[in-house]
$ cat coords-v8.cif   # mmCIF, C-alpha atoms
data_coords
#
loop_
_atom_site.label_atom_id
_atom_site.label_comp_id
_atom_site.auth_asym_id
_atom_site.auth_seq_id
_atom_site.Cartn_x
_atom_site.Cartn_y
_atom_site.Cartn_z
CA MET A 1 0.00 0.00 0.00
CA LYS A 2 2.79 2.39 0.95
CA ARG A 3 4.72 1.46 -2.20
CA SER A 4 1.64 2.12 -4.34
CA ARG A 5 1.12 5.52 -2.72
CA LEU A 6 4.79 6.42 -3.13
CA PHE A 7 4.63 5.38 -6.78
CA CYS A 8 1.63 7.67 -7.34
CA ILE A 9 3.41 10.60 -5.71
CA LEU A 10 6.51 10.06 -7.85
CA LEU A 11 4.36 9.77 -10.97
CA ALA A 12 2.59 13.03 -10.13
CA VAL A 13 5.91 14.82 -9.61
CA LEU A 14 7.23 13.51 -12.93
CA MET A 15 4.07 14.72 -14.69
CA LEU A 16 4.45 18.19 -13.15
CA PHE A 17 8.03 18.42 -14.36
CA SER A 18 6.90 17.20 -17.76
CA PHE A 19 4.21 19.90 -18.00
CA ALA A 20 6.69 22.53 -16.83
CA ALA A 21 9.16 21.43 -19.47
CA CYS A 22 6.44 21.64 -22.12
CA GLY A 23 5.56 25.13 -20.95
CA LYS A 24 9.18 26.24 -21.14
CA GLY A 25 9.40 24.82 -24.63
CA LYS A 26 6.65 27.11 -25.91
CA THR A 27 7.82 30.39 -27.46
CA ALA A 28 5.64 33.48 -27.61
CA ASP A 29 4.79 34.82 -31.05
CA PRO A 30 7.26 37.74 -31.53
CA ASN A 31 4.79 39.37 -33.90
CA LEU A 32 2.01 39.51 -31.30
CA LEU A 33 2.17 42.53 -28.98
CA GLU A 34 -0.02 42.65 -25.87
CA LEU A 35 -0.54 46.33 -25.04
CA GLY A 36 -2.83 46.27 -22.03
CA ASP A 37 -6.40 46.51 -23.31
CA TYR A 38 -5.19 46.31 -26.90
CA GLN A 39 -3.42 43.78 -29.06
CA LEU A 40 -1.33 44.24 -32.18
CA LEU A 41 -0.43 41.45 -34.57
CA PHE A 42 2.30 42.35 -37.06
CA LYS A 43 1.33 40.64 -40.32
CA ASP A 44 3.56 41.98 -43.05
CA ALA A 45 5.73 44.83 -44.31
CA CYS A 46 6.82 46.09 -47.70
CA ILE A 47 8.35 49.13 -49.38
CA MET A 48 6.19 51.55 -51.37
CA THR A 49 6.58 55.03 -52.82
CA ASP A 50 5.09 57.79 -50.68
CA ALA A 51 3.43 61.06 -51.72
CA ASP A 52 6.84 62.76 -51.96
CA GLY A 53 8.29 60.06 -54.21
CA ASN A 54 10.46 58.56 -51.46
CA ASP A 55 10.79 55.00 -50.16
CA ALA A 56 8.29 54.26 -47.40
CA LEU A 57 8.04 51.34 -45.01
CA VAL A 58 4.44 50.13 -44.98
CA MET A 59 3.48 47.88 -42.06
CA THR A 60 0.25 45.89 -41.95
CA LEU A 61 -1.11 45.00 -38.52
CA ASP A 62 -4.25 43.64 -36.91
CA PHE A 63 -5.49 45.96 -34.16
CA THR A 64 -7.73 44.29 -31.56
CA ASN A 65 -9.69 46.38 -29.08
CA ASN A 66 -10.16 44.47 -25.82
CA SER A 67 -11.28 47.52 -23.86
CA GLU A 68 -14.86 48.37 -22.94
CA GLU A 69 -15.08 51.42 -25.20
CA SER A 70 -15.06 51.88 -28.97
CA THR A 71 -11.92 53.59 -30.16
CA SER A 72 -9.69 54.04 -33.20
CA TYR A 73 -6.10 52.96 -33.66
CA LEU A 74 -5.06 56.58 -34.26
CA TRP A 75 -6.37 57.74 -30.88
CA THR A 76 -5.12 54.68 -28.99
CA ILE A 77 -1.63 53.65 -30.08
CA VAL A 78 1.55 55.75 -30.14
CA GLU A 79 4.14 54.70 -32.72
CA THR A 80 7.86 55.46 -32.56
CA VAL A 81 9.83 54.08 -35.50
CA THR A 82 13.61 54.41 -35.67
CA GLN A 83 16.32 53.46 -38.14
CA GLY A 84 19.78 53.60 -36.64
CA ASP A 85 19.81 56.60 -34.31
CA GLU A 86 17.19 58.54 -36.27
CA GLU A 87 13.44 58.63 -35.74
CA LEU A 88 11.50 58.09 -38.94
CA GLU A 89 8.73 60.47 -39.95
CA PHE A 90 5.21 59.32 -40.63
CA THR A 91 4.35 59.61 -44.30
CA THR A 92 1.41 59.16 -46.63
CA VAL A 93 1.03 56.57 -49.37
CA PHE A 94 -1.94 57.26 -51.61
CA ILE A 95 -4.08 54.66 -53.35
CA ASP A 96 -4.20 55.27 -57.10
CA ASP A 97 -4.64 58.98 -57.91
CA SER A 98 -7.11 59.66 -55.11
CA LEU A 99 -6.60 61.25 -51.72
CA SER A 100 -7.38 57.93 -50.07
CA GLY A 101 -4.34 56.82 -48.09
CA LEU A 102 -3.25 53.41 -46.89
CA ASN A 103 -3.44 54.75 -43.34
CA ASP A 104 -7.11 55.80 -43.59
CA SER A 105 -8.22 52.75 -41.62
CA GLN A 106 -6.49 54.20 -38.55
CA PHE A 107 -9.42 56.62 -38.24
CA SER A 108 -12.05 53.86 -38.14
CA GLU A 109 -13.87 53.12 -34.89
CA VAL A 110 -13.19 49.62 -33.56
CA ASP A 111 -15.84 48.18 -31.25
CA PRO A 112 -14.89 46.27 -28.08
CA GLY A 113 -13.84 42.70 -28.82
CA THR A 114 -13.31 43.28 -32.54
CA THR A 115 -10.26 43.41 -34.79
CA LEU A 116 -9.40 45.73 -37.69
CA GLU A 117 -6.53 45.49 -40.15
CA ILE A 118 -4.64 48.79 -40.35
CA GLN A 119 -1.59 50.03 -42.22
CA THR A 120 0.97 52.57 -41.12
CA CYS A 121 3.68 54.21 -43.24
CA PHE A 122 7.06 55.75 -42.44
CA ALA A 123 9.66 57.41 -44.68
CA LEU A 124 12.85 55.33 -44.76
CA LYS A 125 16.34 56.80 -44.48
CA ASN A 126 17.66 53.88 -46.53
CA THR A 127 16.64 50.36 -47.49
CA THR A 128 19.44 48.49 -45.73
CA ASP A 129 19.61 49.44 -42.04
CA THR A 130 17.36 47.68 -39.52
CA VAL A 131 14.15 49.42 -38.44
CA GLU A 132 12.63 49.15 -34.98
CA ALA A 133 8.92 49.95 -34.58
CA HIS A 134 7.86 50.66 -31.00
CA PHE A 135 4.18 50.65 -30.00
CA GLU A 136 2.50 51.68 -26.74
CA PRO A 137 -0.96 52.84 -25.62
CA LEU A 138 -1.53 56.59 -25.69
CA LEU A 139 -2.23 56.63 -21.95
CA GLY A 140 0.80 54.49 -21.12
CA GLY A 141 1.15 50.88 -20.07
CA LYS A 142 2.66 47.78 -21.64
CA ASP A 143 4.62 48.33 -24.83
CA GLY A 144 6.23 46.25 -27.54
CA THR A 145 8.70 46.44 -30.41
CA ILE A 146 8.90 44.86 -33.86
CA THR A 147 12.26 44.63 -35.68
CA ILE A 148 12.26 44.77 -39.48
CA ASP A 149 15.07 44.31 -42.01
CA PRO A 150 14.16 46.48 -45.04
CA SER A 151 16.66 44.66 -47.26
CA THR A 152 14.43 41.57 -47.13
CA LEU A 153 11.22 43.39 -48.10
CA SER A 154 9.57 43.41 -51.50
CA ARG A 155 8.60 46.56 -53.36
CA GLU A 156 4.89 46.91 -53.95
CA SER A 157 2.39 49.39 -55.32
CA ALA A 158 -0.66 50.81 -53.61
CA GLU A 159 -2.58 50.37 -56.84
CA PRO A 160 -4.79 47.31 -57.33
CA ALA A 161 -2.65 44.27 -58.08
CA ALA A 162 -4.78 42.97 -60.94
CA ALA A 163 -5.83 44.98 -63.96
CA PRO A 164 -9.58 45.03 -64.61
CA THR A 165 -11.00 42.74 -67.28
CA GLU A 166 -12.29 44.38 -70.45
CA PRO A 167 -15.97 44.43 -69.38
CA ALA A 168 -14.93 46.10 -66.13
CA ALA A 169 -12.48 48.54 -67.72
CA ALA A 170 -15.11 51.16 -68.58
CA SER A 171 -16.52 50.98 -65.07
CA ALA A 172 -13.03 51.25 -63.56
CA GLU A 173 -12.28 54.27 -65.75
CA ALA A 174 -15.51 55.96 -64.69
CA THR A 175 -14.71 55.24 -61.04
CA ALA A 176 -11.21 56.69 -61.44
CA THR A 177 -12.67 59.82 -63.05
CA GLN A 178 -15.15 60.21 -60.20
CA THR A 179 -12.39 59.66 -57.62
CA ALA A 180 -10.22 62.33 -59.24
CA SER A 181 -13.21 64.68 -59.31
CA ASP A 182 -13.91 64.05 -55.61
CA ALA A 183 -10.25 64.68 -54.76
CA ALA A 184 -10.28 67.96 -56.69
CA GLY A 185 -13.47 68.95 -54.87
CA GLU A 186 -11.84 68.31 -51.51
CA LEU A 187 -8.86 70.49 -52.44
CA ASP A 188 -11.13 73.29 -53.65
CA TRP A 189 -12.90 73.27 -50.29
CA TRP A 190 -9.72 73.37 -48.20
CA ASN A 191 -7.49 75.66 -50.23
CA GLY A 192 -7.73 79.41 -49.82
CA ASP A 193 -8.05 82.06 -47.12
CA TRP A 194 -9.68 81.45 -43.72
CA TYR A 195 -10.87 83.66 -40.86
CA GLY A 196 -12.04 83.00 -37.32
CA TRP A 197 -10.81 83.09 -33.76
CA TRP A 198 -8.77 81.11 -31.28
CA THR A 199 -8.62 80.78 -27.51
CA MET A 200 -6.36 79.29 -24.84
CA THR A 201 -7.49 77.38 -21.74
CA GLY A 202 -5.78 75.33 -19.03
CA CYS A 203 -3.08 78.00 -18.83
CA TRP A 204 0.01 77.61 -16.66
CA GLY A 205 3.24 79.52 -16.12
CA ALA A 206 3.66 82.71 -18.14
CA TYR A 207 0.21 82.21 -19.70
CA GLU A 208 -1.76 81.78 -16.47
CA ASP A 209 -3.24 85.30 -16.66
CA LEU A 210 -4.48 84.65 -20.21
CA GLU A 211 -6.94 81.92 -19.26
CA SER A 212 -9.87 81.95 -21.75
CA ALA A 213 -8.43 84.93 -23.66
CA TRP A 214 -9.19 84.93 -27.37
CA TRP A 215 -8.01 86.57 -30.57
CA ASP A 216 -9.16 86.88 -34.17
CA VAL A 217 -7.06 84.89 -36.60
CA CYS A 218 -6.53 84.76 -40.36
CA GLY A 219 -4.90 82.01 -42.34
CA THR A 220 -4.13 80.40 -45.66
CA ILE A 221 -4.30 76.71 -46.57
CA ASP A 222 -2.42 75.46 -49.62
CA ILE A 223 -2.58 71.71 -50.30
CA GLY A 224 -1.33 70.20 -53.54
CA ALA A 225 -2.68 67.40 -55.70
CA ASN A 226 -0.42 64.94 -53.84
CA GLY A 227 -2.37 65.62 -50.62
CA THR A 228 0.39 67.49 -48.81
CA GLY A 229 0.75 71.20 -48.21
CA THR A 230 0.96 74.02 -45.70
CA VAL A 231 -1.16 75.98 -43.24
CA THR A 232 -0.16 79.53 -42.28
CA LEU A 233 -2.01 81.30 -39.43
CA TRP A 234 -1.59 84.70 -37.78
CA ASP A 235 -3.55 86.62 -35.15
CA GLU A 236 -3.52 90.24 -33.99
CA ASP A 237 0.03 89.93 -32.61
CA TYR A 238 1.49 88.38 -35.77
CA THR A 239 1.44 88.95 -39.53
CA LYS A 240 1.29 86.75 -42.60
CA ALA A 241 5.01 87.43 -43.17
CA GLU A 242 5.82 86.48 -39.56
CA PRO A 243 3.02 84.05 -38.67
CA MET A 244 1.97 82.40 -35.43
CA VAL A 245 1.68 79.01 -37.15
CA SER A 246 3.61 77.59 -40.07
CA ALA A 247 2.56 73.96 -40.43
CA SER A 248 3.10 71.21 -42.95
CA VAL A 249 0.00 69.05 -43.33
CA SER A 250 -1.45 66.07 -45.17
CA LEU A 251 -5.00 65.52 -46.36
CA ASN A 252 -6.80 62.23 -46.82
CA SER A 253 -10.36 61.31 -47.70
CA ALA A 254 -11.18 59.53 -44.43
CA GLY A 255 -13.44 61.35 -42.02
CA VAL A 256 -16.91 61.82 -40.62
CA GLY A 257 -17.99 64.33 -43.28
CA THR A 258 -17.39 64.77 -47.00
CA HIS A 259 -14.23 66.89 -46.87
CA GLY A 260 -11.74 64.37 -45.53
CA THR A 261 -9.33 64.95 -42.66
CA MET A 262 -6.31 67.24 -42.43
CA MET A 263 -3.41 66.20 -40.21
CA SER A 264 -0.30 68.03 -39.08
CA GLU A 265 3.01 66.54 -40.17
CA GLY A 266 5.50 69.16 -38.95
CA GLY A 267 6.19 72.88 -38.65
CA THR A 268 5.85 75.30 -35.74
CA PHE A 269 3.19 76.78 -33.46
CA MET A 270 4.53 79.94 -31.85
CA ASP A 271 7.92 78.79 -30.52
CA ILE A 272 7.36 75.02 -30.34
CA ALA A 273 7.50 72.29 -32.96
CA LEU A 274 4.43 70.65 -34.47
CA GLU A 275 4.61 66.92 -35.10
CA HIS A 276 2.68 64.23 -36.92
CA ALA A 277 -0.94 64.01 -35.69
CA ASP A 278 -0.68 66.92 -33.23
CA TRP A 279 -3.61 68.18 -35.29
CA ILE A 280 -6.37 65.93 -36.59
CA VAL A 281 -8.89 68.22 -38.26
CA ASP A 282 -12.18 66.72 -39.45
CA PRO A 283 -14.75 69.34 -40.56
CA GLY A 284 -17.48 66.75 -40.12
CA LEU A 285 -17.07 67.11 -36.35
CA SER A 286 -17.50 70.91 -36.31
CA GLU A 287 -20.61 72.52 -34.84
CA TYR A 288 -21.23 74.67 -37.92
CA THR A 289 -21.04 73.95 -41.63
CA ASP A 290 -17.94 75.04 -43.53
CA MET A 291 -15.88 75.30 -40.36
CA ILE A 292 -12.66 73.69 -39.21
CA HIS A 293 -11.70 73.23 -35.57
CA ILE A 294 -7.97 72.97 -34.87
CA SER A 295 -7.08 71.89 -31.34
CA GLY A 296 -3.76 71.16 -29.71
CA SER A 297 -1.55 71.75 -26.72
CA TYR A 298 1.38 74.06 -26.07
CA GLU A 299 4.14 73.10 -23.64
CA ASN A 300 7.45 74.86 -23.20
CA GLY A 301 8.93 74.18 -19.78
CA ASP A 302 6.45 75.37 -17.15
CA ASP A 303 4.47 77.36 -19.73
CA GLN A 304 1.45 75.38 -20.91
CA PHE A 305 -2.02 75.81 -22.39
CA ILE A 306 -4.62 74.14 -24.58
CA TYR A 307 -5.57 75.96 -27.77
CA ASP A 308 -8.70 75.77 -29.92
CA MET A 309 -9.10 77.52 -33.28
CA PHE A 310 -12.36 77.91 -35.19
CA LEU A 311 -12.10 79.06 -38.81
CA ARG A 312 -14.36 79.44 -41.84
CA PRO A 313 -13.47 80.39 -45.43
CA TRP A 314 -12.87 84.12 -45.92
CA GLY A 315 -16.10 85.70 -47.16
CA THR A 316 -18.39 83.31 -45.24
CA SER A 317 -21.29 84.82 -43.31
CA TRP A 318 -21.47 83.72 -39.68
CA ASP A 319 -25.19 84.50 -39.38
CA ASP A 320 -25.86 80.93 -38.24
CA ALA A 321 -23.45 81.22 -35.30
CA LYS A 322 -24.34 82.12 -31.72
CA ALA A 323 -23.12 85.49 -30.49
CA GLU A 324 -20.52 83.84 -28.25
CA ASP A 325 -19.15 81.93 -31.24
CA LEU A 326 -18.40 85.02 -33.35
CA PRO A 327 -14.87 86.42 -33.77
CA TYR A 328 -14.30 89.60 -31.75
CA TYR A 329 -13.84 91.85 -34.81
CA TYR A 330 -16.53 90.14 -36.87
CA HIS A 331 -18.96 93.11 -37.05
CA ASP A 332 -16.51 96.03 -36.93
CA TRP A 333 -13.77 94.70 -39.20
CA TYR A 334 -14.60 91.49 -41.05
CA LEU A 335 -18.11 92.28 -42.31
CA PRO A 336 -17.20 95.70 -43.80
CA LEU A 337 -14.29 94.09 -45.64
CA ILE A 338 -16.22 91.21 -47.18
CA GLN A 339 -19.21 93.41 -48.01
CA ALA A 340 -16.81 95.66 -49.91
CA GLY A 341 -15.36 92.62 -51.67
CA LYS A 342 -11.93 93.15 -50.13
CA PRO A 343 -9.33 90.36 -49.99
CA MET A 344 -8.06 89.08 -46.67
CA PRO A 345 -5.41 91.47 -45.25
CA ASP A 346 -1.99 90.34 -44.06
CA ILE A 347 -2.61 91.87 -40.61
CA VAL A 348 -5.62 91.18 -38.37
CA GLY A 349 -7.79 93.89 -36.84
CA PRO A 350 -9.34 97.32 -37.46
CA THR A 351 -5.96 99.06 -37.65
CA GLU A 352 -5.49 97.29 -40.99
CA MET A 353 -8.74 98.32 -42.70
CA ALA A 354 -8.04 97.79 -46.37
CA SER A 355 -8.25 100.84 -48.54
#
$ encode --input "coords-v8.cif" --output "structure tokens"
Amino acid sequence: MKRSRLFCILLAVLMLFSFAACGKGKTADPNLLELGDYQLLFKDACIMTDADGNDALVMTLDFTNNSEESTSYLWTIVETVTQGDEELEFTTVFIDDSLSGLNDSQFSEVDPGTTLEIQTCFALKNTTDTVEAHFEPLLGGKDGTITIDPSTLSRESAEPAAAPTEPAAASAEATATQTASDAAGELDWWNGDWYGWWTMTGCWGAYEDLESAWWDVCGTIDIGANGTGTVTLWDEDYTKAEPMVSASVSLNSAGVGTHGTMMSEGGTFMDIALEHADWIVDPGLSEYTDMIHISGSYENGDDQFIYDMFLRPWGTSWDDAKAEDLPYYYHDWYLPLIQAGKPMPDIVGPTEMAS
């Protein structure tokens, strides 16, 4: 009886060691990143040509939302991609001749418990040195890194892989024409002169006494057919020649409304740098039609504030806006100018009434 019991104990111990050994033998999938409430599965990478004609690393990943709230990849995951000692800049790869980008899926809402395939693109310094892509949740937590050797990647095109058959060719041509027309319409809406106001809140340091202060602002948007361009903004303390904001931006067709979404890619706001996705401007989310809302944060040492800008195309009537939503000089300066058919001045305010 004792021998039988001893044999059972020894057998159980051997089984435990066996299971432990099996567990140690398992290797985690290096392409699967567990980021707290979110999961990323690296599926593939290739090299494509970006909007500027340069080599771009295009990564394809599955983004799984295991949180309790719907969210998008763009508002959830922070990417830092380096090659050697240099951080790579986010870039845009367009599909065909449209303003639809490979990264458009990053804007899509992902419901809890569901997975969405997304793509993200970065401008390469070269096609030989190793790239490390680091991912972490926006609010912090567990992170992960994927290592990629560009020299092993294939070159691909963002255009459809297969040419349409003859019966479908006419339809494809009509679709391409419509897409080009839509893209041109988006550019027509964005490009030109803009006027509105901006305010700062959450002020600290040198700006503490300016809490909720606001200023009228003018600006110019100039985006090219490749979907990249510039935004120049100046308020009462600046001029067009010496602006408050000089930003490089990209435009893609994704968004809530019909005008796509504009995103910052670089440049300056006052005396700090603007970076990729500091601005995500979707007119479909604005309270009024034909309005853009630019929001961001300023931080320079102990000096901090949140800024919000509300702009409409120069010449637009704000009759639909509440009194508290009107620019300060709307009645005394702006209306007389547009009623007289005057162009937007290079300086903001009544002291620059155009002759």
$ residues_around --input "coords-v8.cif" --residues "Cys121 of chain A" --least-positions-apart "3" --cutoff "8 Å" --atoms "all atoms listed in the file" --output "number ranges by chain"
A: 56-59, 90-93, 102-103
$ resolve_selection --input "coords-v8.cif" --expression "the PyMOL selection byres ((chain A and resi 118) around 10)" --output "number ranges by chain"
A: 40, 59-63, 73-74, 102-108, 115-117, 119-120
$ resolve_selection --input "coords-v8.cif" --expression "the PyMOL selection byres ((chain A and resi 253) around 6)" --output "ChimeraX atom specification"
/A:99-100,252,254,260
$ closest_residue --input "coords-v8.cif" --among "A:Pro345, A:Pro150, A:Gly36, A:Gly144" --to "Asp55 of chain A" --atoms "only C-alpha atoms"
A:Pro150
$ atom_distance --input "coords-v8.cif" --atom1 "atom CA of Ile306 of chain A" --atom2 "atom CA of Asp325 of chain A"
17.8 Å
$ residues_around --input "coords-v8.cif" --residues "segment 133-141 of chain A" --least-positions-apart "2" --cutoff "9 Å" --atoms "all atoms listed in the file" --output "PyMOL selection string"
chain A and resi 33+35-38+40+75-83+131+143-148
$ atom_distance --input "coords-v8.cif" --atom1 "atom CA of Asn31 of chain A" --atom2 "atom CA of Asn66 of chain A"
17.7 Å
$ atom_distance --input "coords-v8.cif" --atom1 "atom CA of Trp197 of chain A" --atom2 "atom CA of Trp214 of chain A"
6.8 Å
$ closest_residue --input "coords-v8.cif" --among "A:Ala247, A:Leu187, A:Ala51, A:Leu124" --to "Ile272 of chain A" --atoms "only C-alpha atoms"
A:Ala247
$ residues_around --input "coords-v8.cif" --residues "Glu299 of chain A" --least-positions-apart "3" --cutoff "12 Å" --atoms "only C-alpha atoms" --output "PyMOL selection string"
chain A and resi 202-207+269-274+296+302-307
$ axis_aligned_box --input "coords-v8.cif" --around "segment 203-213 of chain A" --padding-each-side "3 Å" --output "JSON"
{"center_x": -3.1, "center_y": 81.5, "center_z": -19.9, "size_x": 19.5, "size_y": 13.7, "size_z": 13.5}
$ closest_residue --input "coords-v8.cif" --among "A:Val281, A:Met263, A:Met344, A:Ile223" --to "Lys240 of chain A" --atoms "only C-alpha atoms"
A:Met344
$ resolve_selection --input "coords-v8.cif" --expression "the PyMOL selection byres ((chain A and resi 329) around 10)" --output "MDAnalysis selection string"
chainID A and resid 196:197 215:217 326:328 330:335 348:350
$ write_last_selection --input "coords-v8.cif" --atoms "C-alpha atoms" --output "PDB file, keeping the file's coordinate frame"
ATOM      1  CA  GLY A 196     -12.040  83.000 -37.320  1.00  0.00           C
ATOM      2  CA  TRP A 197     -10.810  83.090 -33.760  1.00  0.00           C
ATOM      3  CA  TRP A 215      -8.010  86.570 -30.570  1.00  0.00           C
ATOM      4  CA  ASP A 216      -9.160  86.880 -34.170  1.00  0.00           C
ATOM      5  CA  VAL A 217      -7.060  84.890 -36.600  1.00  0.00           C
ATOM      6  CA  LEU A 326     -18.400  85.020 -33.350  1.00  0.00           C
ATOM      7  CA  PRO A 327     -14.870  86.420 -33.770  1.00  0.00           C
ATOM      8  CA  TYR A 328     -14.300  89.600 -31.750  1.00  0.00           C
ATOM      9  CA  TYR A 330     -16.530  90.140 -36.870  1.00  0.00           C
ATOM     10  CA  HIS A 331     -18.960  93.110 -37.050  1.00  0.00           C
ATOM     11  CA  ASP A 332     -16.510  96.030 -36.930  1.00  0.00           C
ATOM     12  CA  TRP A 333     -13.770  94.700 -39.200  1.00  0.00           C
ATOM     13  CA  TYR A 334     -14.600  91.490 -41.050  1.00  0.00           C
ATOM     14  CA  LEU A 335     -18.110  92.280 -42.310  1.00  0.00           C
ATOM     15  CA  VAL A 348      -5.620  91.180 -38.370  1.00  0.00           C
ATOM     16  CA  GLY A 349      -7.790  93.890 -36.840  1.00  0.00           C
ATOM     17  CA  PRO A 350      -9.340  97.320 -37.460  1.00  0.00           C
TER      18      PRO A 350
END
$ closest_residue --input "coords-v8.cif" --among "A:Pro112, A:Pro343, A:Gly284, A:Gly84" --to "Cys218 of chain A" --atoms "all atoms listed in the file"
A:Pro343
$ decode --input "coords-v8.cif" --residues "segment 297-314 of chain A" --atoms "N, CA and C atoms" --output "PDB file, in the first residue's frame"
ATOM      1  N   SER A 297      -2.092  71.326 -28.005  1.00  0.00           N
ATOM      2  CA  SER A 297      -1.546  71.747 -26.716  1.00  0.00           C
ATOM      3  C   SER A 297      -0.179  72.381 -26.914  1.00  0.00           C
ATOM      4  N   TYR A 298       0.093  73.367 -26.070  1.00  0.00           N
ATOM      5  CA  TYR A 298       1.379  74.064 -26.066  1.00  0.00           C
ATOM      6  C   TYR A 298       2.087  73.745 -24.760  1.00  0.00           C
ATOM      7  N   GLU A 299       3.353  73.369 -24.845  1.00  0.00           N
ATOM      8  CA  GLU A 299       4.135  73.100 -23.637  1.00  0.00           C
ATOM      9  C   GLU A 299       5.585  73.473 -23.893  1.00  0.00           C
ATOM     10  N   ASN A 300       6.065  74.421 -23.110  1.00  0.00           N
ATOM     11  CA  ASN A 300       7.455  74.860 -23.198  1.00  0.00           C
ATOM     12  C   ASN A 300       7.940  75.110 -21.771  1.00  0.00           C
ATOM     13  N   GLY A 301       8.550  74.086 -21.180  1.00  0.00           N
ATOM     14  CA  GLY A 301       8.930  74.181 -19.780  1.00  0.00           C
ATOM     15  C   GLY A 301       7.697  74.218 -18.900  1.00  0.00           C
ATOM     16  N   ASP A 302       7.611  75.225 -18.030  1.00  0.00           N
ATOM     17  CA  ASP A 302       6.451  75.369 -17.145  1.00  0.00           C
ATOM     18  C   ASP A 302       5.294  76.107 -17.808  1.00  0.00           C
ATOM     19  N   ASP A 303       5.510  76.603 -19.018  1.00  0.00           N
ATOM     20  CA  ASP A 303       4.474  77.358 -19.729  1.00  0.00           C
ATOM     21  C   ASP A 303       3.626  76.397 -20.558  1.00  0.00           C
ATOM     22  N   GLN A 304       2.326  76.350 -20.251  1.00  0.00           N
ATOM     23  CA  GLN A 304       1.454  75.384 -20.911  1.00  0.00           C
ATOM     24  C   GLN A 304       0.064  75.972 -21.128  1.00  0.00           C
ATOM     25  N   PHE A 305      -0.599  75.517 -22.199  1.00  0.00           N
ATOM     26  CA  PHE A 305      -2.016  75.815 -22.394  1.00  0.00           C
ATOM     27  C   PHE A 305      -2.573  74.913 -23.489  1.00  0.00           C
ATOM     28  N   ILE A 306      -3.894  74.827 -23.519  1.00  0.00           N
ATOM     29  CA  ILE A 306      -4.618  74.136 -24.584  1.00  0.00           C
ATOM     30  C   ILE A 306      -5.164  75.194 -25.533  1.00  0.00           C
ATOM     31  N   TYR A 307      -5.036  74.975 -26.836  1.00  0.00           N
ATOM     32  CA  TYR A 307      -5.572  75.958 -27.775  1.00  0.00           C
ATOM     33  C   TYR A 307      -6.634  75.335 -28.673  1.00  0.00           C
ATOM     34  N   ASP A 308      -7.627  76.157 -29.009  1.00  0.00           N
ATOM     35  CA  ASP A 308      -8.698  75.771 -29.923  1.00  0.00           C
ATOM     36  C   ASP A 308      -8.901  76.894 -30.925  1.00  0.00           C
ATOM     37  N   MET A 309      -8.901  76.544 -32.210  1.00  0.00           N
ATOM     38  CA  MET A 309      -9.099  77.522 -33.278  1.00  0.00           C
ATOM     39  C   MET A 309     -10.334  77.133 -34.083  1.00  0.00           C
ATOM     40  N   PHE A 310     -11.145  78.132 -34.422  1.00  0.00           N
ATOM     41  CA  PHE A 310     -12.363  77.912 -35.195  1.00  0.00           C
ATOM     42  C   PHE A 310     -12.319  78.836 -36.407  1.00  0.00           C
ATOM     43  N   LEU A 311     -12.259  78.262 -37.605  1.00  0.00           N
ATOM     44  CA  LEU A 311     -12.103  79.062 -38.813  1.00  0.00           C
ATOM     45  C   LEU A 311     -13.109  78.660 -39.882  1.00  0.00           C
ATOM     46  N   ARG A 312     -13.498  79.671 -40.688  1.00  0.00           N
ATOM     47  CA  ARG A 312     -14.360  79.443 -41.844  1.00  0.00           C
ATOM     48  C   ARG A 312     -13.742  80.166 -43.039  1.00  0.00           C
ATOM     49  N   PRO A 313     -14.060  79.740 -44.253  1.00  0.00           N
ATOM     50  CA  PRO A 313     -13.475  80.392 -45.432  1.00  0.00           C
ATOM     51  C   PRO A 313     -13.740  81.897 -45.439  1.00  0.00           C
ATOM     52  N   TRP A 314     -12.731  82.668 -45.827  1.00  0.00           N
ATOM     53  CA  TRP A 314     -12.873  84.123 -45.924  1.00  0.00           C
ATOM     54  C   TRP A 314     -14.045  84.456 -46.848  1.00  0.00           C
TER      55      TRP A 314
END
